[in-house]
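Undergrad: Provided herewith is a single structure, encoded as structure tokens, for subsequent inquiry.
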Amino acid sequence: MLDPGTLTPLLKSMELVERHRGMRDEREVQVNVTDQGKVMQARTLDDRRYVATQLGMTKEQIMSLRADLMNLIARMQESEAASRNEPRSQAGHNATELLGGK
């Protein structure tokens, strides 16, 4: 996942958002979506609707699948972090367990 500190500069370089400093306090930064960003947002929503329609799944099924995938990613990241603190043979064993092996 990207954090806002990474994401905002990326979107700014793509001219999808613009940043403005606060007049009273320059530490305050307001981020607004540009017209080009709004077009991209609408196009992205249309693409997501098309993909969802092609899947033939209900909204609840798609949300459940998304939650399962996010959990899988989190577990894999945890396993990767743990494997850095274990000998290689043990780390491989954990990955196998994670994928349903013995």
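Note on naming: chains are A, B, ... as they come in the structure tokens, residues start from 1 per chain, ligands start from 1 in the order shown.
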From a DSSP calculation on the backbone, collect every residue of region 18-71 of chain A in alpha helix (DSSP H) and output the set as an mmCIF file with N, CA and C atoms, in the first residue's frame.
TA:
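File produced: states21.cif:
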```
data_model
loop_
_atom_site.group_PDB
_atom_site.id
_atom_site.type_symbol
_atom_site.label_atom_id
_atom_site.label_comp_id
_atom_site.auth_asym_id
_atom_site.auth_seq_id
_atom_site.Cartn_x
_atom_site.Cartn_y
_atom_site.Cartn_z
ATOM 1 N N ASP A 35 -9.248 18.907 -12.818
ATOM 2 C CA ASP A 35 -10.253 18.472 -13.802
ATOM 3 C C ASP A 35 -9.801 17.175 -14.468
ATOM 4 N N GLN A 36 -8.522 17.083 -14.790
ATOM 5 C CA GLN A 36 -7.979 15.859 -15.391
ATOM 6 C C GLN A 36 -8.128 14.682 -14.417
ATOM 7 N N GLY A 37 -7.923 14.944 -13.124
ATOM 8 C CA GLY A 37 -8.095 13.908 -12.110
ATOM 9 C C GLY A 37 -9.534 13.446 -12.013
ATOM 10 N N LYS A 38 -10.477 14.380 -12.150
ATOM 11 C CA LYS A 38 -11.902 14.024 -12.101
ATOM 12 C C LYS A 38 -12.288 13.150 -13.289
ATOM 13 N N VAL A 39 -11.720 13.454 -14.452
ATOM 14 C CA VAL A 39 -11.976 12.628 -15.641
ATOM 15 C C VAL A 39 -11.428 11.222 -15.413
ATOM 16 N N MET A 40 -10.211 11.141 -14.887
ATOM 17 C CA MET A 40 -9.592 9.842 -14.608
ATOM 18 C C MET A 40 -10.406 9.071 -13.576
ATOM 19 N N GLN A 41 -10.905 9.762 -12.559
ATOM 20 C CA GLN A 41 -11.714 9.127 -11.521
ATOM 21 C C GLN A 41 -12.987 8.534 -12.123
ATOM 22 N N ALA A 42 -13.662 9.291 -12.966
ATOM 23 C CA ALA A 42 -14.890 8.800 -13.597
ATOM 24 C C ALA A 42 -14.602 7.591 -14.484
ATOM 25 N N ARG A 43 -13.516 7.668 -15.234
ATOM 26 C CA ARG A 43 -13.136 6.563 -16.121
ATOM 27 C C ARG A 43 -12.815 5.311 -15.300
ATOM 28 N N THR A 44 -12.124 5.507 -14.192
ATOM 29 C CA THR A 44 -11.765 4.388 -13.327
ATOM 30 C C THR A 44 -13.005 3.739 -12.736
ATOM 31 N N LEU A 45 -13.961 4.553 -12.305
ATOM 32 C CA LEU A 45 -15.209 4.002 -11.769
ATOM 33 C C LEU A 45 -15.946 3.202 -12.835
ATOM 34 N N ASP A 46 -15.971 3.707 -14.069
ATOM 35 C CA ASP A 46 -16.606 2.970 -15.161
ATOM 36 C C ASP A 46 -15.899 1.641 -15.388
ATOM 37 N N ASP A 47 -14.572 1.642 -15.348
ATOM 38 C CA ASP A 47 -13.801 0.410 -15.538
ATOM 39 C C ASP A 47 -14.086 -0.590 -14.423
ATOM 40 N N ARG A 48 -14.184 -0.087 -13.185
ATOM 41 C CA ARG A 48 -14.470 -0.977 -12.053
ATOM 42 C C ARG A 48 -15.860 -1.591 -12.186
ATOM 43 N N ARG A 49 -16.824 -0.796 -12.623
ATOM 44 C CA ARG A 49 -18.185 -1.321 -12.818
ATOM 45 C C ARG A 49 -18.192 -2.391 -13.913
ATOM 46 N N TYR A 50 -17.446 -2.145 -14.987
ATOM 47 C CA TYR A 50 -17.370 -3.117 -16.088
ATOM 48 C C TYR A 50 -16.781 -4.438 -15.588
ATOM 49 N N VAL A 51 -15.676 -4.366 -14.855
ATOM 50 C CA VAL A 51 -15.037 -5.577 -14.337
ATOM 51 C C VAL A 51 -15.991 -6.299 -13.391
ATOM 52 N N ALA A 52 -16.649 -5.564 -12.505
ATOM 53 C CA ALA A 52 -17.583 -6.181 -11.561
ATOM 54 C C ALA A 52 -18.706 -6.890 -12.304
ATOM 55 N N THR A 53 -19.196 -6.282 -13.362
ATOM 56 C CA THR A 53 -20.260 -6.888 -14.158
ATOM 57 C C THR A 53 -19.767 -8.178 -14.822
ATOM 58 N N GLN A 54 -18.550 -8.156 -15.340
ATOM 59 C CA GLN A 54 -17.992 -9.321 -16.017
ATOM 60 C C GLN A 54 -17.716 -10.476 -15.062
ATOM 61 N N LEU A 55 -17.497 -10.189 -13.789
ATOM 62 C CA LEU A 55 -17.223 -11.236 -12.810
ATOM 63 C C LEU A 55 -18.464 -12.073 -12.517
ATOM 64 N N LYS A 59 -22.294 -7.688 -5.216
ATOM 65 C CA LYS A 59 -21.440 -6.725 -4.523
ATOM 66 C C LYS A 59 -20.887 -7.337 -3.236
ATOM 67 N N GLU A 60 -21.713 -8.085 -2.529
ATOM 68 C CA GLU A 60 -21.286 -8.716 -1.282
ATOM 69 C C GLU A 60 -20.182 -9.735 -1.534
ATOM 70 N N GLN A 61 -20.293 -10.501 -2.619
ATOM 71 C CA GLN A 61 -19.259 -11.483 -2.956
ATOM 72 C C GLN A 61 -17.941 -10.790 -3.312
ATOM 73 N N ILE A 62 -18.027 -9.702 -4.051
ATOM 74 C CA ILE A 62 -16.828 -8.961 -4.421
ATOM 75 C C ILE A 62 -16.169 -8.374 -3.181
ATOM 76 N N MET A 63 -16.967 -7.808 -2.276
ATOM 77 C CA MET A 63 -16.417 -7.234 -1.048
ATOM 78 C C MET A 63 -15.788 -8.321 -0.174
ATOM 79 N N SER A 64 -16.403 -9.486 -0.134
ATOM 80 C CA SER A 64 -15.855 -10.605 0.631
ATOM 81 C C SER A 64 -14.529 -11.071 0.020
ATOM 82 N N LEU A 65 -14.491 -11.164 -1.297
ATOM 83 C CA LEU A 65 -13.257 -11.547 -1.983
ATOM 84 C C LEU A 65 -12.155 -10.532 -1.705
ATOM 85 N N ARG A 66 -12.499 -9.255 -1.764
ATOM 86 C CA ARG A 66 -11.525 -8.203 -1.487
ATOM 87 C C ARG A 66 -10.979 -8.329 -0.066
ATOM 88 N N ALA A 67 -11.869 -8.553 0.888
ATOM 89 C CA ALA A 67 -11.446 -8.708 2.286
ATOM 90 C C ALA A 67 -10.518 -9.915 2.434
ATOM 91 N N ASP A 68 -10.881 -11.028 1.781
ATOM 92 C CA ASP A 68 -10.033 -12.225 1.833
ATOM 93 C C ASP A 68 -8.655 -11.950 1.239
ATOM 94 N N LEU A 69 -8.618 -11.241 0.115
ATOM 95 C CA LEU A 69 -7.334 -10.928 -0.513
ATOM 96 C C LEU A 69 -6.496 -9.993 0.353
ATOM 97 N N MET A 70 -7.133 -9.011 0.978
ATOM 98 C CA MET A 70 -6.409 -8.100 1.863
ATOM 99 C C MET A 70 -5.843 -8.862 3.067
ATOM 100 N N ASN A 71 -6.624 -9.807 3.609
ATOM 101 C CA ASN A 71 -6.136 -10.642 4.714
ATOM 102 C C ASN A 71 -4.962 -11.505 4.271
#
```
Undergrad: So the first atom is CA of Gly5 (chain A) and the second is CA of Arg84 (chain A); what is the distance between them in Å, to one decimal place?
TA: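 Here the two named atoms are 26.4 Å from each other.
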Undergrad: DSSP on the backbone: which residues in region 29-60 of chain A end up as strand (DSSP E or B)? Give the answer as a PDB file with N, CA and C atoms, in the first residue's frame.
TA:
```pdb
ATOM      1  N   VAL A  29      -1.682  22.085   4.254  1.00  0.00           N
ATOM      2  CA  VAL A  29      -1.683  21.837   2.816  1.00  0.00           C
ATOM      3  C   VAL A  29      -3.044  21.278   2.426  1.00  0.00           C
ATOM      4  N   GLN A  30      -3.652  21.913   1.440  1.00  0.00           N
ATOM      5  CA  GLN A  30      -4.933  21.435   0.915  1.00  0.00           C
ATOM      6  C   GLN A  30      -4.655  20.758  -0.423  1.00  0.00           C
ATOM      7  N   VAL A  31      -5.186  19.559  -0.600  1.00  0.00           N
ATOM      8  CA  VAL A  31      -4.999  18.796  -1.837  1.00  0.00           C
ATOM      9  C   VAL A  31      -6.350  18.716  -2.532  1.00  0.00           C
ATOM     10  N   ASN A  32      -6.398  19.154  -3.795  1.00  0.00           N
ATOM     11  CA  ASN A  32      -7.632  19.132  -4.585  1.00  0.00           C
ATOM     12  C   ASN A  32      -7.423  18.318  -5.853  1.00  0.00           C
ATOM     13  N   VAL A  33      -8.488  17.658  -6.277  1.00  0.00           N
ATOM     14  CA  VAL A  33      -8.460  16.900  -7.524  1.00  0.00           C
ATOM     15  C   VAL A  33      -8.605  17.884  -8.686  1.00  0.00           C
TER      16      VAL A  33
END
```
